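Asker: Take this structure, written in C-alpha cells, and hold onto it; I'll ask about it next.
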Amino acid sequence: MIHEDKKALPPMIALRFFRWYCHPKLRIHIEGDLIELYKERRRTGKVGADLKFIADVALLCRPGIIRPPAPKTSINTYGMYKSYFKIGWRNLIKNKAYSVINIGGLALGIAVAMMIGLWVTDELTFNHYHENYKRVAQVMKDQTYEGKHYRGNTYLQYPLINALKTTYGSSLKYVVPMMGGGETVLSTLDKKLTRRGTFVGEDAPEMLSMKMINGNRNALKDINAIIISKSTAKALLGNIDPVGQVIKLNGTRDVTINGVYEDFPDNSEFTRVD
Amino acid sequence: MKKYQLGEFEEVVILTVGVLYNEAYGISIKKDIETRLKRKVSMGALHTALKRMEDKGYLKSHEGEATEERAGRPKKYFEITALGKKAIEYTKETREQLWNLIPKVALQVKIAG
C-alpha cells in the first residue's frame, strides 16, 4: 500500500463515518473515488474540498450503499445438502433404468447381507441359552467294529455313569444320563397331546440352567416326576396350575408334573425337547 | 411485466459506461456525465445506480490499478454485459416506437405553442 500522507487526506471524521456505514464490498472502491475527487478539489482550496467531501459522504449514506445490519454469513450447511439431494434426485429421475438396477441391486445385496448376518448370529450363539454352555459336554463313543471306524454314537452303556463318577468324579460336577423318549403321548382325563421328550437325570435342570417358571430345579428328585415346557403346559392344561397334576405317558404310566420350564430357544441342542 | 427495468439516471449511467468503454470507473463516469450532459452528479446517486445495475446483471466490474491520487485504493472498472446491452437496446426501441407513433401535428402544435 502506498504511503498515506496525512495532510493530503480528507477530514478523518467524515472518512471514518463513511467506512463505518459503507457496505464492505463497495468500501475500498468508493473510498478511492472520494479521495481522488478530494485531491483534485484540494488544489482550489482546502475548506471547499472538505465541505464537498462531507456533502458527498452524507449523500452516499443511502440504502444501496449502507451495509446490511448483520454480516451475511451462512452458519449451516443446509443449502449445500439441499442442493446435493436435489441434484441426486434429478439424476435418478433422468436415468430411470440405471436407477432401478442400482437401487434394486443394492437392496438385494443389503437384504442378503442381513440374512447372512442373522444366520451367523444364530450359529454363534448356539447353546448360549445354557449358562455353562462352555463346560457342558456330551459323551460320545469312538469305536472300531469289524474293521470299520465309528464315531459319535451317543447310545452308551448305563454303567458308564458310575465309571465316570468314580474315576473322574472330582472334575465333574454333574453326570446326567439322557435316554430315549422321543414322541410321547401326554394325556389328561379329557385331552391328548403328542410331544417330544426325553428321560433325564435329576441334575439336568441345574446343569442346563433351565429357567423354572413353576417349581424349582430339584423337581426331578422323584422318579415319577416330570417337568414340561411352558408351551406344553398351556396346550395341555390351559390356565390350570400344572404343578401336582397327574398325567399319563403314552396312556400307561402315571407321572406327576413337578415343574414348568421356559421353552428352549430355537438355537439350542435341546430345542427338540418340548 | 416489465422485461427490462432501467431508470432515467440508470440509463444515462449505463450509456456513459458504454461511451467510456475500458475507462469507466466512478470518477470518470461522474465527470463524463457532468461535462456532456451539464448536470450535477453526486457520488451517492452514481454509486447507488452502479450497484443496482450490477446486482441486476446489466454491468460487471473488475478491480483496476491503485494509484497515488487514490491513496492506494484500487479503481473499480465497469463494463456492460450482454444482458445490459439488451436492456439499453430495449429502451431505445420502445422510445423509437413511441416517437414514431406521435402524429406530426402534435409536435407542430407544440412548437407553435
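Identifiers for the C-alpha cells are assigned positionally: chains receive A, B, ... in sequence, residues are indexed from 1 per chain, and ligands are indexed from 1 in the order shown.
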At most 10 Å is the cut-off: for each residue in chain A with any atom that close to an atom of chain B, write down the nearest atom pair and the distance in Å rounded to one decimal, counting only C-alpha atoms, chain first then increasing number, as a Markdown table.

Answerer:
| residue | atom | partner | partner_atom | distance |
| --- | --- | --- | --- | --- |
| A:Met1 | CA | B:Gly72 | CA | 5.6 |
| A:Ile2 | CA | B:Gly72 | CA | 5.2 |
| A:His3 | CA | B:Ala71 | CA | 7.3 |
| A:Glu4 | CA | B:Ala71 | CA | 5.9 |
| A:Asp5 | CA | B:Ala71 | CA | 8.2 |
| A:Ala8 | CA | B:Ala71 | CA | 9.0 |
| A:Leu9 | CA | B:Ala71 | CA | 8.3 |
| A:Leu26 | CA | B:Lys51 | CA | 8.6 |
| A:Arg27 | CA | B:Arg73 | CA | 9.6 |
| A:Ile28 | CA | B:Arg73 | CA | 5.9 |
| A:His29 | CA | B:Lys75 | CA | 5.7 |
| A:Ile30 | CA | B:Gly26 | CA | 7.5 |
| A:Glu31 | CA | B:Arg73 | CA | 7.0 |
| A:Gly32 | CA | B:Arg73 | CA | 4.7 |
| A:Asp33 | CA | B:Ile27 | CA | 5.9 |
| A:Leu34 | CA | B:Met43 | CA | 8.0 |
| A:Ile35 | CA | B:Arg70 | CA | 5.4 |
| A:Glu36 | CA | B:Arg70 | CA | 4.8 |
| A:Leu37 | CA | B:Ile27 | CA | 7.2 |
| A:Tyr38 | CA | B:Glu69 | CA | 9.2 |
| A:Lys39 | CA | B:Glu69 | CA | 6.8 |
| A:Glu40 | CA | B:Glu69 | CA | 8.5 |
| A:Phe53 | CA | B:Met43 | CA | 9.9 |
| A:Ala55 | CA | B:Ser42 | CA | 9.0 |
| A:Asp56 | CA | B:Met43 | CA | 6.0 |
| A:Val57 | CA | B:Gly44 | CA | 7.6 |
| A:Ala58 | CA | B:Gly44 | CA | 8.1 |
| A:Leu59 | CA | B:Gly44 | CA | 5.0 |
| A:Leu60 | CA | B:Gly44 | CA | 3.7 |
| A:Cys61 | CA | B:Gly44 | CA | 7.0 |
| A:Arg62 | CA | B:Gly44 | CA | 7.3 |
| A:Pro63 | CA | B:Thr48 | CA | 8.2 |
| A:Gly64 | CA | B:Thr48 | CA | 5.4 |
| A:Ile65 | CA | B:Thr48 | CA | 6.3 |
| A:Ile66 | CA | B:Thr48 | CA | 9.9 |

Asker: For those residues, write N, CA and C atoms to a file as an mmCIF file, in the first residue's frame.

Answerer:
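The resulting result.cif:
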data_model
loop_
_atom_site.group_PDB
_atom_site.id
_atom_site.type_symbol
_atom_site.label_atom_id
_atom_site.label_comp_id
_atom_site.auth_asym_id
_atom_site.auth_seq_id
_atom_site.Cartn_x
_atom_site.Cartn_y
_atom_site.Cartn_z
ATOM 1 N N MET A 1 0.836 -1.201 0.000
ATOM 2 C CA MET A 1 0.000 0.000 0.000
ATOM 3 C C MET A 1 0.876 1.259 0.000
ATOM 4 N N ILE A 2 0.435 2.177 -0.792
ATOM 5 C CA ILE A 2 1.179 3.442 -0.907
ATOM 6 C C ILE A 2 1.033 4.247 0.384
ATOM 7 N N HIS A 3 2.107 4.890 0.748
ATOM 8 C CA HIS A 3 2.102 5.661 1.986
ATOM 9 C C HIS A 3 1.037 6.750 1.948
ATOM 10 N N GLU A 4 0.274 6.871 3.023
ATOM 11 C CA GLU A 4 -0.790 7.868 3.074
ATOM 12 C C GLU A 4 -0.281 9.139 3.743
ATOM 13 N N ASP A 5 -0.248 10.182 2.951
ATOM 14 C CA ASP A 5 0.154 11.476 3.505
ATOM 15 C C ASP A 5 -1.031 12.083 4.241
ATOM 16 N N ALA A 8 -2.692 15.217 2.976
ATOM 17 C CA ALA A 8 -3.409 15.122 1.710
ATOM 18 C C ALA A 8 -4.762 14.427 1.865
ATOM 19 N N LEU A 9 -5.022 13.902 3.050
ATOM 20 C CA LEU A 9 -6.267 13.139 3.223
ATOM 21 C C LEU A 9 -7.429 14.026 3.648
ATOM 22 N N LEU A 26 -18.163 -2.585 -1.195
ATOM 23 C CA LEU A 26 -18.056 -1.363 -2.001
ATOM 24 C C LEU A 26 -17.022 -0.404 -1.433
ATOM 25 N N ARG A 27 -16.691 -0.596 -0.164
ATOM 26 C CA ARG A 27 -15.976 0.415 0.597
ATOM 27 C C ARG A 27 -14.720 0.922 -0.103
ATOM 28 N N ILE A 28 -13.815 0.003 -0.437
ATOM 29 C CA ILE A 28 -12.493 0.434 -0.883
ATOM 30 C C ILE A 28 -12.554 1.198 -2.205
ATOM 31 N N HIS A 29 -13.475 0.815 -3.090
ATOM 32 C CA HIS A 29 -13.542 1.475 -4.400
ATOM 33 C C HIS A 29 -14.146 2.864 -4.291
ATOM 34 N N ILE A 30 -15.223 2.973 -3.519
ATOM 35 C CA ILE A 30 -15.843 4.295 -3.354
ATOM 36 C C ILE A 30 -14.893 5.217 -2.602
ATOM 37 N N GLU A 31 -14.206 4.648 -1.629
ATOM 38 C CA GLU A 31 -13.240 5.429 -0.867
ATOM 39 C C GLU A 31 -12.179 5.992 -1.806
ATOM 40 N N GLY A 32 -11.732 5.145 -2.731
ATOM 41 C CA GLY A 32 -10.748 5.596 -3.727
ATOM 42 C C GLY A 32 -11.284 6.746 -4.548
ATOM 43 N N ASP A 33 -12.528 6.603 -5.003
ATOM 44 C CA ASP A 33 -13.157 7.662 -5.794
ATOM 45 C C ASP A 33 -13.231 8.949 -4.994
ATOM 46 N N LEU A 34 -13.643 8.830 -3.736
ATOM 47 C CA LEU A 34 -13.791 10.014 -2.876
ATOM 48 C C LEU A 34 -12.456 10.720 -2.706
ATOM 49 N N ILE A 35 -11.424 9.942 -2.455
ATOM 50 C CA ILE A 35 -10.105 10.532 -2.199
ATOM 51 C C ILE A 35 -9.557 11.193 -3.463
ATOM 52 N N GLU A 36 -9.751 10.507 -4.580
ATOM 53 C CA GLU A 36 -9.280 11.059 -5.853
ATOM 54 C C GLU A 36 -9.947 12.409 -6.125
ATOM 55 N N LEU A 37 -11.253 12.449 -5.887
ATOM 56 C CA LEU A 37 -12.014 13.669 -6.106
ATOM 57 C C LEU A 37 -11.566 14.765 -5.147
ATOM 58 N N TYR A 38 -11.324 14.356 -3.907
ATOM 59 C CA TYR A 38 -10.918 15.315 -2.884
ATOM 60 C C TYR A 38 -9.585 15.960 -3.246
ATOM 61 N N LYS A 39 -8.661 15.114 -3.694
ATOM 62 C CA LYS A 39 -7.334 15.639 -4.009
ATOM 63 C C LYS A 39 -7.392 16.633 -5.161
ATOM 64 N N GLU A 40 -8.286 16.364 -6.076
ATOM 65 C CA GLU A 40 -8.437 17.258 -7.211
ATOM 66 C C GLU A 40 -9.006 18.603 -6.763
ATOM 67 N N PHE A 53 -16.435 17.197 0.376
ATOM 68 C CA PHE A 53 -16.216 15.806 0.780
ATOM 69 C C PHE A 53 -17.286 15.349 1.768
ATOM 70 N N ALA A 55 -20.224 16.621 2.182
ATOM 71 C CA ALA A 55 -21.507 16.526 1.481
ATOM 72 C C ALA A 55 -21.616 15.205 0.720
ATOM 73 N N ASP A 56 -20.526 14.827 0.058
ATOM 74 C CA ASP A 56 -20.523 13.548 -0.690
ATOM 75 C C ASP A 56 -20.788 12.374 0.240
ATOM 76 N N VAL A 57 -20.082 12.392 1.379
ATOM 77 C CA VAL A 57 -20.266 11.300 2.338
ATOM 78 C C VAL A 57 -21.720 11.242 2.807
ATOM 79 N N ALA A 58 -22.292 12.417 3.052
ATOM 80 C CA ALA A 58 -23.680 12.455 3.510
ATOM 81 C C ALA A 58 -24.621 11.941 2.427
ATOM 82 N N LEU A 59 -24.350 12.300 1.171
ATOM 83 C CA LEU A 59 -25.223 11.862 0.081
ATOM 84 C C LEU A 59 -25.056 10.373 -0.234
ATOM 85 N N LEU A 60 -23.885 9.844 0.133
ATOM 86 C CA LEU A 60 -23.664 8.402 -0.112
ATOM 87 C C LEU A 60 -24.420 7.543 0.897
ATOM 88 N N CYS A 61 -24.830 8.198 1.969
ATOM 89 C CA CYS A 61 -25.488 7.437 3.029
ATOM 90 C C CYS A 61 -26.919 7.094 2.619
ATOM 91 N N ARG A 62 -27.079 6.089 1.799
ATOM 92 C CA ARG A 62 -28.405 5.711 1.288
ATOM 93 C C ARG A 62 -28.481 4.189 1.147
ATOM 94 N N PRO A 63 -29.688 3.651 1.046
ATOM 95 C CA PRO A 63 -29.907 2.201 1.180
ATOM 96 C C PRO A 63 -28.970 1.292 0.384
ATOM 97 N N GLY A 64 -28.695 1.647 -0.875
ATOM 98 C CA GLY A 64 -27.876 0.734 -1.680
ATOM 99 C C GLY A 64 -26.448 0.618 -1.196
ATOM 100 N N ILE A 65 -25.981 1.652 -0.514
ATOM 101 C CA ILE A 65 -24.568 1.719 -0.135
ATOM 102 C C ILE A 65 -24.347 1.241 1.298
ATOM 103 N N ILE A 66 -25.325 1.528 2.172
ATOM 104 C CA ILE A 66 -25.178 1.151 3.583
ATOM 105 C C ILE A 66 -25.145 -0.363 3.708
#

Asker: Write out as a PyMOL selection string all residues of range 10-80 of chain B that DSSP puts in alpha helix (DSSP H) for this structure's backbone.

Answerer: chain B and resi 10-20+26-37+43-56

Asker: Write a file of the just-selected residues containing N, CA and C atoms, as an mmCIF file, in the first residue's frame.

Answerer:
data_model
loop_
_atom_site.group_PDB
_atom_site.id
_atom_site.type_symbol
_atom_site.label_atom_id
_atom_site.label_comp_id
_atom_site.auth_asym_id
_atom_site.auth_seq_id
_atom_site.Cartn_x
_atom_site.Cartn_y
_atom_site.Cartn_z
ATOM 1 N N GLU B 10 -30.221 5.738 -14.404
ATOM 2 C CA GLU B 10 -29.512 4.481 -14.676
ATOM 3 C C GLU B 10 -29.174 4.363 -16.155
ATOM 4 N N GLU B 11 -30.112 4.773 -16.982
ATOM 5 C CA GLU B 11 -29.889 4.702 -18.423
ATOM 6 C C GLU B 11 -28.709 5.591 -18.818
ATOM 7 N N VAL B 12 -28.695 6.800 -18.260
ATOM 8 C CA VAL B 12 -27.587 7.723 -18.539
ATOM 9 C C VAL B 12 -26.263 7.078 -18.115
ATOM 10 N N VAL B 13 -26.252 6.487 -16.927
ATOM 11 C CA VAL B 13 -25.007 5.903 -16.414
ATOM 12 C C VAL B 13 -24.542 4.733 -17.281
ATOM 13 N N ILE B 14 -25.463 3.841 -17.625
ATOM 14 C CA ILE B 14 -25.038 2.652 -18.380
ATOM 15 C C ILE B 14 -24.561 3.053 -19.777
ATOM 16 N N LEU B 15 -25.202 4.073 -20.370
ATOM 17 C CA LEU B 15 -24.757 4.543 -21.682
ATOM 18 C C LEU B 15 -23.371 5.172 -21.579
ATOM 19 N N THR B 16 -23.142 5.911 -20.494
ATOM 20 C CA THR B 16 -21.825 6.519 -20.307
ATOM 21 C C THR B 16 -20.754 5.444 -20.107
ATOM 22 N N VAL B 17 -21.109 4.390 -19.378
ATOM 23 C CA VAL B 17 -20.166 3.273 -19.233
ATOM 24 C C VAL B 17 -19.798 2.753 -20.612
ATOM 25 N N GLY B 18 -20.794 2.678 -21.489
ATOM 26 C CA GLY B 18 -20.528 2.223 -22.858
ATOM 27 C C GLY B 18 -19.634 3.204 -23.593
ATOM 28 N N VAL B 19 -19.875 4.478 -23.411
ATOM 29 C CA VAL B 19 -19.088 5.511 -24.096
ATOM 30 C C VAL B 19 -17.625 5.433 -23.658
ATOM 31 N N LEU B 20 -17.423 5.298 -22.353
ATOM 32 C CA LEU B 20 -16.051 5.297 -21.834
ATOM 33 C C LEU B 20 -15.332 3.985 -22.087
ATOM 34 N N GLY B 26 -15.768 5.034 -11.254
ATOM 35 C CA GLY B 26 -16.548 6.069 -10.575
ATOM 36 C C GLY B 26 -16.331 7.497 -11.052
ATOM 37 N N ILE B 27 -15.103 8.004 -10.877
ATOM 38 C CA ILE B 27 -14.834 9.409 -11.166
ATOM 39 C C ILE B 27 -15.006 9.730 -12.651
ATOM 40 N N SER B 28 -14.492 8.854 -13.507
ATOM 41 C CA SER B 28 -14.546 9.149 -14.933
ATOM 42 C C SER B 28 -15.996 9.192 -15.415
ATOM 43 N N ILE B 29 -16.842 8.300 -14.893
ATOM 44 C CA ILE B 29 -18.260 8.316 -15.276
ATOM 45 C C ILE B 29 -18.894 9.627 -14.817
ATOM 46 N N LYS B 30 -18.612 9.968 -13.568
ATOM 47 C CA LYS B 30 -19.169 11.202 -12.997
ATOM 48 C C LYS B 30 -18.799 12.428 -13.852
ATOM 49 N N LYS B 31 -17.509 12.530 -14.165
ATOM 50 C CA LYS B 31 -17.059 13.689 -14.926
ATOM 51 C C LYS B 31 -17.650 13.702 -16.322
ATOM 52 N N ASP B 32 -17.726 12.559 -16.912
ATOM 53 C CA ASP B 32 -18.242 12.477 -18.272
ATOM 54 C C ASP B 32 -19.692 12.937 -18.324
ATOM 55 N N ILE B 33 -20.488 12.467 -17.371
ATOM 56 C CA ILE B 33 -21.892 12.888 -17.351
ATOM 57 C C ILE B 33 -21.984 14.388 -17.093
ATOM 58 N N GLU B 34 -21.157 14.862 -16.164
ATOM 59 C CA GLU B 34 -21.222 16.287 -15.817
ATOM 60 C C GLU B 34 -20.858 17.181 -16.997
ATOM 61 N N THR B 35 -19.812 16.798 -17.744
ATOM 62 C CA THR B 35 -19.411 17.648 -18.874
ATOM 63 C C THR B 35 -20.353 17.474 -20.057
ATOM 64 N N ARG B 36 -20.730 16.233 -20.350
ATOM 65 C CA ARG B 36 -21.517 16.005 -21.552
ATOM 66 C C ARG B 36 -22.972 16.447 -21.376
ATOM 67 N N LEU B 37 -23.542 16.137 -20.232
ATOM 68 C CA LEU B 37 -24.967 16.415 -20.050
ATOM 69 C C LEU B 37 -25.244 17.648 -19.214
ATOM 70 N N MET B 43 -21.858 11.578 -5.780
ATOM 71 C CA MET B 43 -21.244 10.258 -5.636
ATOM 72 C C MET B 43 -22.266 9.226 -5.174
ATOM 73 N N GLY B 44 -23.138 9.685 -4.282
ATOM 74 C CA GLY B 44 -24.146 8.768 -3.740
ATOM 75 C C GLY B 44 -25.048 8.225 -4.824
ATOM 76 N N ALA B 45 -25.586 9.142 -5.646
ATOM 77 C CA ALA B 45 -26.501 8.718 -6.702
ATOM 78 C C ALA B 45 -25.779 7.792 -7.684
ATOM 79 N N LEU B 46 -24.563 8.160 -8.036
ATOM 80 C CA LEU B 46 -23.829 7.381 -9.029
ATOM 81 C C LEU B 46 -23.549 5.961 -8.533
ATOM 82 N N HIS B 47 -23.006 5.872 -7.323
ATOM 83 C CA HIS B 47 -22.637 4.533 -6.834
ATOM 84 C C HIS B 47 -23.860 3.667 -6.550
ATOM 85 N N THR B 48 -24.939 4.319 -6.137
ATOM 86 C CA THR B 48 -26.169 3.542 -5.951
ATOM 87 C C THR B 48 -26.627 2.958 -7.285
ATOM 88 N N ALA B 49 -26.620 3.803 -8.316
ATOM 89 C CA ALA B 49 -27.047 3.331 -9.636
ATOM 90 C C ALA B 49 -26.136 2.216 -10.135
ATOM 91 N N LEU B 50 -24.840 2.394 -9.957
ATOM 92 C CA LEU B 50 -23.885 1.365 -10.420
ATOM 93 C C LEU B 50 -24.136 0.043 -9.702
ATOM 94 N N LYS B 51 -24.332 0.125 -8.394
ATOM 95 C CA LYS B 51 -24.539 -1.103 -7.635
ATOM 96 C C LYS B 51 -25.838 -1.788 -8.047
ATOM 97 N N ARG B 52 -26.885 -0.982 -8.211
ATOM 98 C CA ARG B 52 -28.174 -1.557 -8.598
ATOM 99 C C ARG B 52 -28.074 -2.293 -9.928
ATOM 100 N N MET B 53 -27.390 -1.669 -10.874
ATOM 101 C CA MET B 53 -27.293 -2.298 -12.188
ATOM 102 C C MET B 53 -26.363 -3.511 -12.180
ATOM 103 N N GLU B 54 -25.384 -3.458 -11.283
ATOM 104 C CA GLU B 54 -24.524 -4.641 -11.168
ATOM 105 C C GLU B 54 -25.322 -5.800 -10.573
ATOM 106 N N ASP B 55 -26.139 -5.491 -9.572
ATOM 107 C CA ASP B 55 -26.982 -6.535 -8.974
ATOM 108 C C ASP B 55 -27.964 -7.104 -9.986
ATOM 109 N N LYS B 56 -28.472 -6.228 -10.860
ATOM 110 C CA LYS B 56 -29.422 -6.704 -11.876
ATOM 111 C C LYS B 56 -28.722 -7.508 -12.971
#

Asker: Quick one: distance from CA of Pro242 in chain A to CA of Ile257 in chain A in Å, one decimal?

Answerer: 6.5 Å

Asker: Which polymer residues have any atom within 9 Å of an atom of Pro177 in chain A, counting only C-alpha atoms, with same-chain residues fewer than 3 positions away left out, as a list in words?

Answerer: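 My reading of the contact set: Tyr158, Ile161, Phe199, Val200, Gly201, Glu202 and Ala204 of chain A.
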
Asker: State, in Å with one decimal place, the distance from CA of Ser170 in chain A to CA of Asp203 in chain A.

Answerer: 16.4 Å

Asker: Please report the interatomic distance between CA of Val139 in chain A and CA of Tyr168 in chain A in Å with one decimal.

Answerer: 13.1 Å

Asker: Find the residues around Ile80 in chain B up to 7 Å (only C-alpha atoms counted), leave out those fewer than 5 positions away in its own chain, and share them as an MDAnalysis selection string.

Answerer: chainID B and resid 18 58:60 85

Asker: Quick one: pick out all strand (DSSP E) residues within chain B from a backbone DSSP run and write them as a PyMOL selection string.

Answerer: chain B and resi 59-66+74-80

Asker: Show which residues sit within 9 Å of Glu206 in chain A, as a list of chain:residue names. Count only C-alpha atoms, and ignore same-chain residues fewer than 4 positions away.

Answerer: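 Those residues are A:Tyr174, A:Glu202, A:Met210, A:Arg217, A:Asn218.
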
Asker: Go ahead and write the residues just picked, C-alpha atoms, as a compact mmCIF listing (two decimals), in the first residue's frame.

Answerer:
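Dumped to part.txt:
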# COMPACT_ATOMS: atom_id res chain seq x y z
CA TYR A 174 -22.91 -83.34 37.36
CA GLU A 202 -32.27 -85.37 38.17
CA MET A 210 -33.24 -74.23 32.84
CA ARG A 217 -34.61 -77.23 39.74
CA ASN A 218 -34.96 -80.07 42.21

Asker: Set the distance at 7 Å and use only C-alpha atoms: which residues neighbour Glu269 in chain A once local chain neighbours fewer than 2 positions away are removed? I'd like the list as a PyMOL selection string.

Answerer: chain A and resi 127+267+271

Asker: If you count only C-alpha atoms, which residues fall within 9 Å of range 128-135 of chain A, apart from same-chain ones fewer than 4 positions away, as a list in words?

Answerer: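 Surrounding residues, per the criterion: Leu124, Met207, Leu208, Ser209, Met210, Phe264, Pro265, Asn267 and Ser268 of chain A.
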